[in-house]
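Visitor: Supplied structure: target-v8.cif, mmCIF, C-alpha atoms; chains and numbers go by the auth columns.
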data_coords
#
loop_
_atom_site.group_PDB
_atom_site.id
_atom_site.type_symbol
_atom_site.label_atom_id
_atom_site.label_comp_id
_atom_site.label_asym_id
_atom_site.label_seq_id
_atom_site.Cartn_x
_atom_site.Cartn_y
_atom_site.Cartn_z
_atom_site.B_iso_or_equiv
_atom_site.auth_seq_id
_atom_site.auth_asym_id
ATOM 1 C CA MET A 1 -149.359 -5.018 174.090 0.00 30 A
ATOM 2 C CA LYS A 2 -148.072 -8.389 175.208 0.00 31 A
ATOM 3 C CA SER A 3 -147.246 -9.140 178.813 0.00 32 A
ATOM 4 C CA GLN A 4 -143.705 -8.586 180.018 0.00 33 A
ATOM 5 C CA VAL A 5 -143.239 -12.345 180.312 0.00 34 A
ATOM 6 C CA PHE A 6 -142.725 -12.343 176.553 0.00 35 A
ATOM 7 C CA ASN A 7 -139.908 -9.798 176.729 0.00 36 A
ATOM 8 C CA TYR A 8 -137.297 -11.808 178.617 0.00 37 A
ATOM 9 C CA LYS A 9 -135.633 -15.166 178.003 0.00 38 A
ATOM 10 C CA ARG A 10 -137.544 -16.787 180.832 0.00 39 A
ATOM 11 C CA LEU A 11 -137.390 -20.207 179.181 0.00 40 A
ATOM 12 C CA SER A 12 -133.617 -20.389 178.709 0.00 41 A
ATOM 13 C CA GLY A 13 -132.440 -23.955 179.295 0.00 42 A
ATOM 14 C CA CYS A 14 -135.977 -25.278 178.859 0.00 43 A
ATOM 15 C CA THR A 15 -136.882 -27.749 176.110 0.00 44 A
ATOM 16 C CA VAL A 16 -140.459 -27.676 174.827 0.00 45 A
ATOM 17 C CA MET A 17 -142.026 -30.213 172.476 0.00 46 A
ATOM 18 C CA VAL A 18 -144.644 -28.723 170.163 0.00 47 A
ATOM 19 C CA THR A 19 -147.121 -31.351 168.984 0.00 48 A
ATOM 20 C CA ARG A 20 -149.418 -29.418 166.650 0.00 49 A
ATOM 21 C CA ALA A 21 -149.840 -30.438 163.012 0.00 50 A
ATOM 22 C CA ASP A 22 -147.001 -29.445 160.672 0.00 51 A
ATOM 23 C CA HIS A 23 -148.735 -26.434 159.155 0.00 52 A
ATOM 24 C CA GLN A 24 -149.606 -24.990 162.584 0.00 53 A
ATOM 25 C CA ALA A 25 -146.561 -25.833 164.696 0.00 54 A
ATOM 26 C CA GLN A 26 -144.346 -22.942 163.644 0.00 55 A
ATOM 27 C CA GLY A 27 -146.670 -20.285 165.050 0.00 56 A
ATOM 28 C CA LEU A 28 -146.296 -21.684 168.553 0.00 57 A
ATOM 29 C CA ALA A 29 -142.572 -22.275 168.076 0.00 58 A
ATOM 30 C CA ASP A 30 -142.158 -18.634 167.081 0.00 59 A
ATOM 31 C CA LEU A 31 -143.530 -17.588 170.475 0.00 60 A
ATOM 32 C CA LEU A 32 -141.321 -19.980 172.437 0.00 61 A
ATOM 33 C CA VAL A 33 -137.955 -19.430 170.750 0.00 62 A
ATOM 34 C CA PRO A 34 -137.655 -15.694 171.629 0.00 63 A
ATOM 35 C CA MET A 35 -138.259 -16.731 175.231 0.00 64 A
ATOM 36 C CA GLY A 36 -135.058 -18.778 175.065 0.00 65 A
ATOM 37 C CA ALA A 37 -136.673 -22.216 174.771 0.00 66 A
ATOM 38 C CA GLU A 38 -135.262 -25.042 172.716 0.00 67 A
ATOM 39 C CA VAL A 39 -138.203 -26.187 170.604 0.00 68 A
ATOM 40 C CA ILE A 40 -138.708 -29.702 169.298 0.00 69 A
ATOM 41 C CA LEU A 41 -141.332 -30.158 166.593 0.00 70 A
ATOM 42 C CA GLN A 42 -143.038 -33.551 166.811 0.00 71 A
ATOM 43 C CA PRO A 43 -146.507 -33.486 165.229 0.00 72 A
ATOM 44 C CA ALA A 44 -148.981 -35.810 166.923 0.00 73 A
ATOM 45 C CA ILE A 45 -151.625 -35.408 164.230 0.00 74 A
ATOM 46 C CA GLU A 46 -151.918 -34.434 160.605 0.00 75 A
ATOM 47 C CA ILE A 47 -154.825 -32.463 159.175 0.00 76 A
ATOM 48 C CA VAL A 48 -156.435 -33.611 155.921 0.00 77 A
ATOM 49 C CA GLU A 49 -159.706 -32.895 154.153 0.00 78 A
ATOM 50 C CA THR A 50 -162.793 -35.038 154.555 0.00 79 A
ATOM 51 C CA GLU A 51 -162.948 -38.319 152.639 0.00 80 A
ATOM 52 C CA SER A 52 -166.205 -37.241 151.000 0.00 81 A
ATOM 53 C CA TRP A 53 -167.429 -33.728 150.237 0.00 82 A
ATOM 54 C CA SER A 54 -170.836 -34.874 148.990 0.00 83 A
ATOM 55 C CA ARG A 55 -172.881 -33.866 152.025 0.00 84 A
ATOM 56 C CA PHE A 56 -171.176 -30.490 152.411 0.00 85 A
ATOM 57 C CA ASP A 57 -171.438 -29.766 148.686 0.00 86 A
ATOM 58 C CA ALA A 58 -175.162 -30.523 148.834 0.00 87 A
ATOM 59 C CA ALA A 59 -175.507 -28.122 151.770 0.00 88 A
ATOM 60 C CA LEU A 60 -173.798 -25.371 149.808 0.00 89 A
ATOM 61 C CA LYS A 61 -176.437 -25.733 147.106 0.00 90 A
ATOM 62 C CA ARG A 62 -179.063 -24.902 149.738 0.00 91 A
ATOM 63 C CA PHE A 63 -176.875 -22.381 151.526 0.00 92 A
ATOM 64 C CA SER A 64 -179.722 -19.868 151.627 0.00 93 A
ATOM 65 C CA SER A 65 -181.460 -22.111 154.190 0.00 94 A
ATOM 66 C CA PHE A 66 -178.793 -21.223 156.780 0.00 95 A
ATOM 67 C CA SER A 67 -178.694 -17.954 158.680 0.00 96 A
ATOM 68 C CA ARG A 68 -175.490 -18.579 160.660 0.00 97 A
ATOM 69 C CA VAL A 69 -172.193 -20.382 160.020 0.00 98 A
ATOM 70 C CA VAL A 70 -170.088 -21.417 163.010 0.00 99 A
ATOM 71 C CA MET A 71 -166.371 -22.147 162.594 0.00 100 A
ATOM 72 C CA VAL A 72 -165.039 -24.256 165.462 0.00 101 A
ATOM 73 C CA SER A 73 -161.384 -23.985 164.411 0.00 102 A
ATOM 74 C CA ALA A 74 -159.010 -22.241 162.043 0.00 103 A
ATOM 75 C CA ASN A 75 -158.738 -25.496 160.103 0.00 104 A
ATOM 76 C CA ALA A 76 -162.518 -25.574 159.677 0.00 105 A
ATOM 77 C CA ALA A 77 -162.427 -22.075 158.210 0.00 106 A
ATOM 78 C CA ARG A 78 -159.480 -22.933 155.973 0.00 107 A
ATOM 79 C CA PHE A 79 -161.161 -25.992 154.457 0.00 108 A
ATOM 80 C CA PHE A 80 -164.540 -24.216 154.207 0.00 109 A
ATOM 81 C CA PHE A 81 -163.222 -21.461 151.979 0.00 110 A
ATOM 82 C CA SER A 82 -160.893 -23.769 150.088 0.00 111 A
ATOM 83 C CA ARG A 83 -163.824 -25.956 149.089 0.00 112 A
ATOM 84 C CA ILE A 84 -165.935 -23.010 148.042 0.00 113 A
ATOM 85 C CA ASP A 85 -163.071 -21.779 145.868 0.00 114 A
ATOM 86 C CA GLU A 86 -162.773 -25.232 144.279 0.00 115 A
ATOM 87 C CA LEU A 87 -166.488 -25.263 143.479 0.00 116 A
ATOM 88 C CA ASN A 88 -166.580 -21.742 142.141 0.00 117 A
ATOM 89 C CA SER A 89 -167.069 -23.070 138.622 0.00 118 A
ATOM 90 C CA GLY A 90 -170.842 -22.914 138.716 0.00 119 A
ATOM 91 C CA GLN A 91 -171.825 -25.745 141.024 0.00 120 A
ATOM 92 C CA VAL A 92 -172.476 -23.269 143.817 0.00 121 A
ATOM 93 C CA ALA A 93 -172.924 -20.187 141.671 0.00 122 A
ATOM 94 C CA GLY A 94 -174.689 -17.368 143.441 0.00 123 A
ATOM 95 C CA ILE A 95 -173.747 -18.404 146.977 0.00 124 A
ATOM 96 C CA ASP A 96 -173.948 -15.271 149.117 0.00 125 A
ATOM 97 C CA LEU A 97 -171.627 -15.373 152.117 0.00 126 A
ATOM 98 C CA ALA A 98 -172.573 -11.829 153.060 0.00 127 A
ATOM 99 C CA ARG A 99 -176.173 -12.757 153.867 0.00 128 A
ATOM 100 C CA VAL A 100 -175.263 -15.123 156.718 0.00 129 A
ATOM 101 C CA GLU A 101 -173.838 -14.360 160.137 0.00 130 A
ATOM 102 C CA PHE A 102 -170.437 -15.891 160.866 0.00 131 A
ATOM 103 C CA ALA A 103 -169.262 -16.978 164.311 0.00 132 A
ATOM 104 C CA ALA A 104 -165.760 -18.166 165.218 0.00 133 A
ATOM 105 C CA ILE A 105 -164.444 -19.930 168.295 0.00 134 A
ATOM 106 C CA GLY A 106 -161.570 -17.470 168.705 0.00 135 A
ATOM 107 C CA ALA A 107 -159.469 -14.686 167.221 0.00 136 A
ATOM 108 C CA ALA A 108 -157.191 -17.004 165.227 0.00 137 A
ATOM 109 C CA THR A 109 -160.192 -18.643 163.562 0.00 138 A
ATOM 110 C CA ALA A 110 -161.813 -15.272 162.942 0.00 139 A
ATOM 111 C CA ALA A 111 -158.610 -14.082 161.261 0.00 140 A
ATOM 112 C CA VAL A 112 -158.815 -16.907 158.705 0.00 141 A
ATOM 113 C CA VAL A 113 -162.425 -15.949 157.931 0.00 142 A
ATOM 114 C CA ALA A 114 -161.502 -12.269 157.667 0.00 143 A
ATOM 115 C CA ASP A 115 -158.666 -13.122 155.266 0.00 144 A
ATOM 116 C CA HIS A 116 -161.380 -14.202 152.837 0.00 145 A
ATOM 117 C CA GLY A 117 -163.149 -10.865 153.075 0.00 146 A
ATOM 118 C CA VAL A 118 -165.914 -12.087 155.370 0.00 147 A
ATOM 119 C CA GLU A 119 -166.859 -10.305 158.576 0.00 148 A
ATOM 120 C CA VAL A 120 -167.147 -12.346 161.779 0.00 149 A
ATOM 121 C CA ALA A 121 -170.022 -11.141 163.944 0.00 150 A
ATOM 122 C CA LEU A 122 -169.597 -13.391 166.981 0.00 151 A
ATOM 123 C CA ILE A 123 -166.416 -14.333 168.865 0.00 152 A
ATOM 124 C CA PRO A 124 -166.547 -15.513 172.505 0.00 153 A
ATOM 125 C CA GLU A 125 -164.212 -13.973 175.073 0.00 154 A
ATOM 126 C CA ARG A 126 -162.683 -17.389 175.726 0.00 155 A
ATOM 127 C CA SER A 127 -161.692 -19.669 172.852 0.00 156 A
ATOM 128 C CA ASP A 128 -163.431 -22.862 173.937 0.00 157 A
ATOM 129 C CA SER A 129 -166.565 -24.775 173.029 0.00 158 A
ATOM 130 C CA SER A 130 -168.457 -23.912 176.210 0.00 159 A
ATOM 131 C CA SER A 131 -167.924 -20.176 175.770 0.00 160 A
ATOM 132 C CA LEU A 132 -168.897 -20.409 172.119 0.00 161 A
ATOM 133 C CA ALA A 133 -172.071 -22.271 173.055 0.00 162 A
ATOM 134 C CA ASP A 134 -172.919 -19.634 175.686 0.00 163 A
ATOM 135 C CA LEU A 135 -172.540 -16.863 173.115 0.00 164 A
ATOM 136 C CA LEU A 136 -174.607 -18.594 170.435 0.00 165 A
ATOM 137 C CA LEU A 137 -177.397 -19.400 172.868 0.00 166 A
ATOM 138 C CA ASN A 138 -177.438 -15.861 174.250 0.00 167 A
ATOM 139 C CA ILE A 139 -177.763 -14.489 170.713 0.00 168 A
ATOM 140 C CA PRO A 140 -180.089 -16.953 168.943 0.00 169 A
ATOM 141 C CA ALA A 141 -179.770 -17.403 165.202 0.00 170 A
ATOM 142 C CA LYS A 142 -182.643 -16.225 163.033 0.00 171 A
ATOM 143 C CA GLY A 143 -182.738 -19.577 161.266 0.00 172 A
ATOM 144 C CA LYS A 144 -180.759 -22.788 160.885 0.00 173 A
ATOM 145 C CA THR A 145 -177.102 -22.890 161.925 0.00 174 A
ATOM 146 C CA MET A 146 -174.300 -24.580 159.982 0.00 175 A
ATOM 147 C CA VAL A 147 -171.520 -25.879 162.266 0.00 176 A
ATOM 148 C CA VAL A 148 -168.250 -26.565 160.433 0.00 177 A
ATOM 149 C CA ARG A 149 -165.853 -28.804 162.310 0.00 178 A
ATOM 150 C CA ALA A 150 -163.476 -31.789 162.355 0.00 179 A
ATOM 151 C CA ASP A 151 -164.531 -35.411 162.257 0.00 180 A
ATOM 152 C CA ARG A 152 -163.600 -35.832 165.933 0.00 181 A
ATOM 153 C CA GLY A 153 -163.183 -33.692 169.009 0.00 182 A
ATOM 154 C CA SER A 154 -165.353 -32.111 171.645 0.00 183 A
ATOM 155 C CA THR A 155 -169.126 -32.584 171.399 0.00 184 A
ATOM 156 C CA ILE A 156 -169.865 -29.802 173.881 0.00 185 A
ATOM 157 C CA LEU A 157 -171.141 -27.317 171.304 0.00 186 A
ATOM 158 C CA ALA A 158 -173.450 -29.789 169.560 0.00 187 A
ATOM 159 C CA ASP A 159 -174.727 -31.131 172.877 0.00 188 A
ATOM 160 C CA ARG A 160 -175.569 -27.644 174.115 0.00 189 A
ATOM 161 C CA LEU A 161 -177.283 -26.597 170.877 0.00 190 A
ATOM 162 C CA LYS A 162 -179.297 -29.808 170.793 0.00 191 A
ATOM 163 C CA GLU A 163 -180.303 -29.483 174.444 0.00 192 A
ATOM 164 C CA ALA A 164 -181.530 -25.939 173.772 0.00 193 A
ATOM 165 C CA GLY A 165 -183.602 -27.091 170.806 0.00 194 A
ATOM 166 C CA CYS A 166 -181.620 -25.141 168.223 0.00 195 A
ATOM 167 C CA SER A 167 -181.962 -25.945 164.545 0.00 196 A
ATOM 168 C CA PHE A 168 -178.486 -26.834 163.299 0.00 197 A
ATOM 169 C CA GLU A 169 -176.493 -29.202 161.115 0.00 198 A
ATOM 170 C CA GLN A 170 -172.892 -30.278 161.628 0.00 199 A
ATOM 171 C CA PHE A 171 -170.472 -30.760 158.750 0.00 200 A
ATOM 172 C CA PRO A 172 -167.169 -32.521 159.490 0.00 201 A
ATOM 173 C CA ILE A 173 -165.090 -31.228 156.574 0.00 202 A
ATOM 174 C CA TYR A 174 -161.629 -32.228 157.753 0.00 203 A
ATOM 175 C CA ARG A 175 -159.963 -35.058 159.619 0.00 204 A
ATOM 176 C CA SER A 176 -157.192 -35.197 162.176 0.00 205 A
ATOM 177 C CA ARG A 177 -155.203 -38.389 161.675 0.00 206 A
ATOM 178 C CA ASP A 178 -152.829 -39.745 164.276 0.00 207 A
ATOM 179 C CA VAL A 179 -149.138 -39.637 163.468 0.00 208 A
ATOM 180 C CA THR A 180 -147.688 -43.101 164.029 0.00 209 A
ATOM 181 C CA GLU A 181 -143.939 -42.492 163.813 0.00 210 A
ATOM 182 C CA VAL A 182 -141.665 -40.585 166.176 0.00 211 A
ATOM 183 C CA ALA A 183 -138.318 -39.101 165.195 0.00 212 A
ATOM 184 C CA PRO A 184 -135.600 -41.219 166.909 0.00 213 A
ATOM 185 C CA GLU A 185 -133.930 -38.151 168.427 0.00 214 A
ATOM 186 C CA VAL A 186 -137.231 -37.067 169.976 0.00 215 A
ATOM 187 C CA LEU A 187 -137.800 -40.496 171.504 0.00 216 A
ATOM 188 C CA ASP A 188 -134.250 -40.487 172.855 0.00 217 A
ATOM 189 C CA LYS A 189 -134.693 -37.083 174.479 0.00 218 A
ATOM 190 C CA LEU A 190 -137.973 -38.116 176.086 0.00 219 A
ATOM 191 C CA GLN A 191 -136.567 -41.376 177.387 0.00 220 A
ATOM 192 C CA ASN A 192 -133.677 -39.483 178.953 0.00 221 A
ATOM 193 C CA ASN A 193 -135.835 -36.826 180.652 0.00 222 A
ATOM 194 C CA MET A 194 -134.606 -34.098 178.297 0.00 223 A
ATOM 195 C CA ILE A 195 -137.992 -32.633 177.322 0.00 224 A
ATOM 196 C CA ASP A 196 -139.236 -30.306 180.052 0.00 225 A
ATOM 197 C CA TRP A 197 -142.647 -29.464 178.592 0.00 226 A
ATOM 198 C CA THR A 198 -144.977 -30.927 175.996 0.00 227 A
ATOM 199 C CA THR A 199 -147.764 -28.734 174.650 0.00 228 A
ATOM 200 C CA VAL A 200 -151.225 -30.216 174.093 0.00 229 A
ATOM 201 C CA THR A 201 -153.592 -28.027 172.100 0.00 230 A
ATOM 202 C CA SER A 202 -156.506 -30.406 171.527 0.00 231 A
ATOM 203 C CA SER A 203 -158.057 -33.601 172.841 0.00 232 A
ATOM 204 C CA ALA A 204 -157.147 -35.345 169.561 0.00 233 A
ATOM 205 C CA ILE A 205 -153.489 -34.479 170.093 0.00 234 A
ATOM 206 C CA GLY A 206 -153.651 -35.797 173.648 0.00 235 A
ATOM 207 C CA ALA A 207 -155.043 -39.141 172.504 0.00 236 A
ATOM 208 C CA SER A 208 -152.434 -39.424 169.764 0.00 237 A
ATOM 209 C CA LEU A 209 -149.591 -38.624 172.185 0.00 238 A
ATOM 210 C CA LEU A 210 -150.716 -41.459 174.415 0.00 239 A
ATOM 211 C CA ASN A 211 -150.631 -43.832 171.442 0.00 240 A
ATOM 212 C CA LEU A 212 -147.253 -42.517 170.295 0.00 241 A
ATOM 213 C CA PHE A 213 -145.386 -42.622 173.579 0.00 242 A
ATOM 214 C CA GLY A 214 -147.472 -44.424 176.183 0.00 243 A
ATOM 215 C CA ALA A 215 -148.347 -43.196 179.659 0.00 244 A
ATOM 216 C CA ASP A 216 -145.018 -44.134 181.262 0.00 245 A
ATOM 217 C CA LEU A 217 -142.916 -42.085 178.847 0.00 246 A
ATOM 218 C CA LEU A 218 -145.267 -39.111 179.069 0.00 247 A
ATOM 219 C CA GLN A 219 -144.584 -39.008 182.802 0.00 248 A
ATOM 220 C CA LYS A 220 -141.044 -37.953 181.907 0.00 249 A
ATOM 221 C CA THR A 221 -142.290 -34.610 180.589 0.00 250 A
ATOM 222 C CA ARG A 222 -144.723 -32.018 181.901 0.00 251 A
ATOM 223 C CA LEU A 223 -147.944 -31.543 179.952 0.00 252 A
ATOM 224 C CA ALA A 224 -149.233 -28.037 179.266 0.00 253 A
ATOM 225 C CA SER A 225 -152.901 -27.953 178.238 0.00 254 A
ATOM 226 C CA ILE A 226 -154.477 -25.153 176.230 0.00 255 A
ATOM 227 C CA SER A 227 -157.917 -25.295 177.861 0.00 256 A
ATOM 228 C CA PRO A 228 -160.172 -26.990 180.431 0.00 257 A
ATOM 229 C CA THR A 229 -161.720 -29.078 177.639 0.00 258 A
ATOM 230 C CA THR A 230 -158.303 -30.426 176.667 0.00 259 A
ATOM 231 C CA THR A 231 -157.384 -30.935 180.322 0.00 260 A
ATOM 232 C CA LYS A 232 -160.532 -32.970 180.890 0.00 261 A
ATOM 233 C CA ALA A 233 -159.718 -35.144 177.884 0.00 262 A
ATOM 234 C CA LEU A 234 -156.149 -35.704 179.079 0.00 263 A
ATOM 235 C CA LYS A 235 -157.269 -36.654 182.564 0.00 264 A
ATOM 236 C CA SER A 236 -159.817 -39.083 181.126 0.00 265 A
ATOM 237 C CA LEU A 237 -156.855 -40.793 179.440 0.00 266 A
ATOM 238 C CA GLY A 238 -155.128 -41.129 182.795 0.00 267 A
ATOM 239 C CA LEU A 239 -152.561 -38.409 182.050 0.00 268 A
ATOM 240 C CA LYS A 240 -151.409 -35.760 184.506 0.00 269 A
ATOM 241 C CA VAL A 241 -151.756 -32.121 183.448 0.00 270 A
ATOM 242 C CA ASP A 242 -149.057 -29.917 184.953 0.00 271 A
ATOM 243 C CA ALA A 243 -150.281 -26.552 183.650 0.00 272 A
ATOM 244 C CA GLU A 244 -153.451 -25.219 182.047 0.00 273 A
ATOM 245 C CA ALA A 245 -153.700 -21.971 180.127 0.00 274 A
ATOM 246 C CA THR A 246 -156.109 -19.360 181.430 0.00 275 A
ATOM 247 C CA GLU A 247 -156.250 -17.746 177.983 0.00 276 A
ATOM 248 C CA TYR A 248 -157.210 -20.484 175.556 0.00 277 A
ATOM 249 C CA ASN A 249 -154.796 -19.641 172.753 0.00 278 A
ATOM 250 C CA MET A 250 -151.096 -19.945 171.896 0.00 279 A
ATOM 251 C CA ASP A 251 -150.094 -16.843 173.862 0.00 280 A
ATOM 252 C CA GLY A 252 -151.919 -18.207 176.883 0.00 281 A
ATOM 253 C CA LEU A 253 -150.149 -21.546 176.571 0.00 282 A
ATOM 254 C CA VAL A 254 -146.743 -19.880 176.513 0.00 283 A
ATOM 255 C CA ARG A 255 -147.687 -17.690 179.475 0.00 284 A
ATOM 256 C CA VAL A 256 -148.664 -20.625 181.652 0.00 285 A
ATOM 257 C CA ILE A 257 -145.435 -22.463 180.852 0.00 286 A
ATOM 258 C CA VAL A 258 -143.420 -19.359 181.722 0.00 287 A
ATOM 259 C CA ALA A 259 -145.363 -18.924 184.962 0.00 288 A
ATOM 260 C CA SER A 260 -144.847 -22.556 185.909 0.00 289 A
ATOM 261 C CA VAL A 261 -141.117 -22.416 185.209 0.00 290 A
ATOM 262 C CA GLY A 262 -140.785 -19.292 187.293 0.00 291 A
ATOM 263 C CA SER A 263 -142.765 -20.609 190.264 0.00 292 A
#
Would you mind giving the structure from this file in structure tokens?

Guide:
Amino acid sequence: MKSQVFNYKRLSGCTVMVTRADHQAQGLADLLVPMGAEVILQPAIEIVETESWSRFDAALKRFSSFSRVVMVSANAARFFFSRIDELNSGQVAGIDLARVEFAAIGAATAAVVADHGVEVALIPERSDSSSLADLLLNIPAKGKTMVVRADRGSTILADRLKEAGCSFEQFPIYRSRDVTEVAPEVLDKLQNNMIDWTTVTSSAIGASLLNLFGADLLQKTRLASISPTTTKALKSLGLKVDAEATEYNMDGLVRVIVASVGS
């Protein structure tokens, strides 16, 4: 059962800019609107597949050499299964997903994996790279690990696995590209201090927002970060973080905004 903060229009009169990619923005908007918020959708990034599948395709042909597959995002899981479906014409015939152990960074990512009929064995309590690394190191893989991820983002997981001497390979199978144009009405609202909160759900989004608007304009809105990793990235860019979720997911992001408005 969700917290009571989701049952009242606690965000009435509050304007929130959602900056996730187009295909992901509506899920967060659907949590904010019932709370009474006016939601502005302004994607900061777009998600596209890798420029070359050659290395990943080659890995699928030796899939039996991996004992664990780690999905670091819902997008990673989405592109992973999409590519396998595309190659299901014989190039990767006989690939056995059931023989490997799947790990996911959080419940949303695990849900994408489960939608493809695959069980997820490992999900950390907190949806961040550090917690995922802790879990994977506490339960060592029986063999080599395949890490499926974006072409940019946090290196925490890889750094921790490497430091521990784990056998793993990373496969960046999708890209997050910066959006370079802002809707005029969004720019006008930001310039006139009419956007109360801006959500930041990844370090890539934070960097793109800085390029889109600049530091001075971003001071006219309050930034809500989804996790300590994202907060650290924002601060490294010289941006102030006004609220940080304690649950590293969309519900947690909405909760921290509600709590900050009510304080």

Visitor: One number please: CA of Glu214 in chain A to CA of Asn104 in chain A, in Å, one decimal.

Guide: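 We find that CA of Glu214 in chain A and CA of Asn104 in chain A lie 29.1 Å from each other.
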
Visitor: Do a neighbour search on range 131-142 of chain A at 9 Å with only C-alpha atoms, toss out local chain neighbours closer than 3 positions, and write the hits as a count of residues only.

Guide: 33

Visitor: Determine, counting all atoms listed in the file, which protein, DNA and RNA residues have an atom within 6 Å of an atom of range 263-275 of chain A; residues of the same chain fewer than 3 positions away are not included. Present the result as an mmCIF file with C-alpha atoms, keeping the file's coordinate frame.

Guide:
data_model
loop_
_atom_site.group_PDB
_atom_site.id
_atom_site.type_symbol
_atom_site.label_atom_id
_atom_site.label_comp_id
_atom_site.auth_asym_id
_atom_site.auth_seq_id
_atom_site.Cartn_x
_atom_site.Cartn_y
_atom_site.Cartn_z
ATOM 1 C CA GLY A 235 -153.651 -35.797 173.648
ATOM 2 C CA ARG A 251 -144.723 -32.018 181.901
ATOM 3 C CA LEU A 252 -147.944 -31.543 179.952
ATOM 4 C CA ALA A 253 -149.233 -28.037 179.266
ATOM 5 C CA SER A 254 -152.901 -27.953 178.238
ATOM 6 C CA ILE A 255 -154.477 -25.153 176.230
ATOM 7 C CA SER A 256 -157.917 -25.295 177.861
ATOM 8 C CA THR A 260 -157.384 -30.935 180.322
ATOM 9 C CA GLY A 281 -151.919 -18.207 176.883
ATOM 10 C CA LEU A 282 -150.149 -21.546 176.571
ATOM 11 C CA VAL A 285 -148.664 -20.625 181.652
#

Visitor: Need the axis-aligned box for range 232-250 of chain A with 8 Å each side, so what are the centre and edges in Å to one decimal, as JSON?

Guide:
{"center_x": -149.6, "center_y": -39.0, "center_z": 176.2, "size_x": 33.0, "size_y": 26.8, "size_z": 29.2}

Visitor: Report as a list in words the residues that result from applying the PyMOL selection byres ((chain A and resi 67) around 7) to the structure here.

Guide: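 With the shown file as input, the PyMOL selection byres ((chain A and resi 67) around 7) matches Cys43, Thr44, Val45, Val62, Gly65, Ala66, Val68 and Ile69 of chain A.
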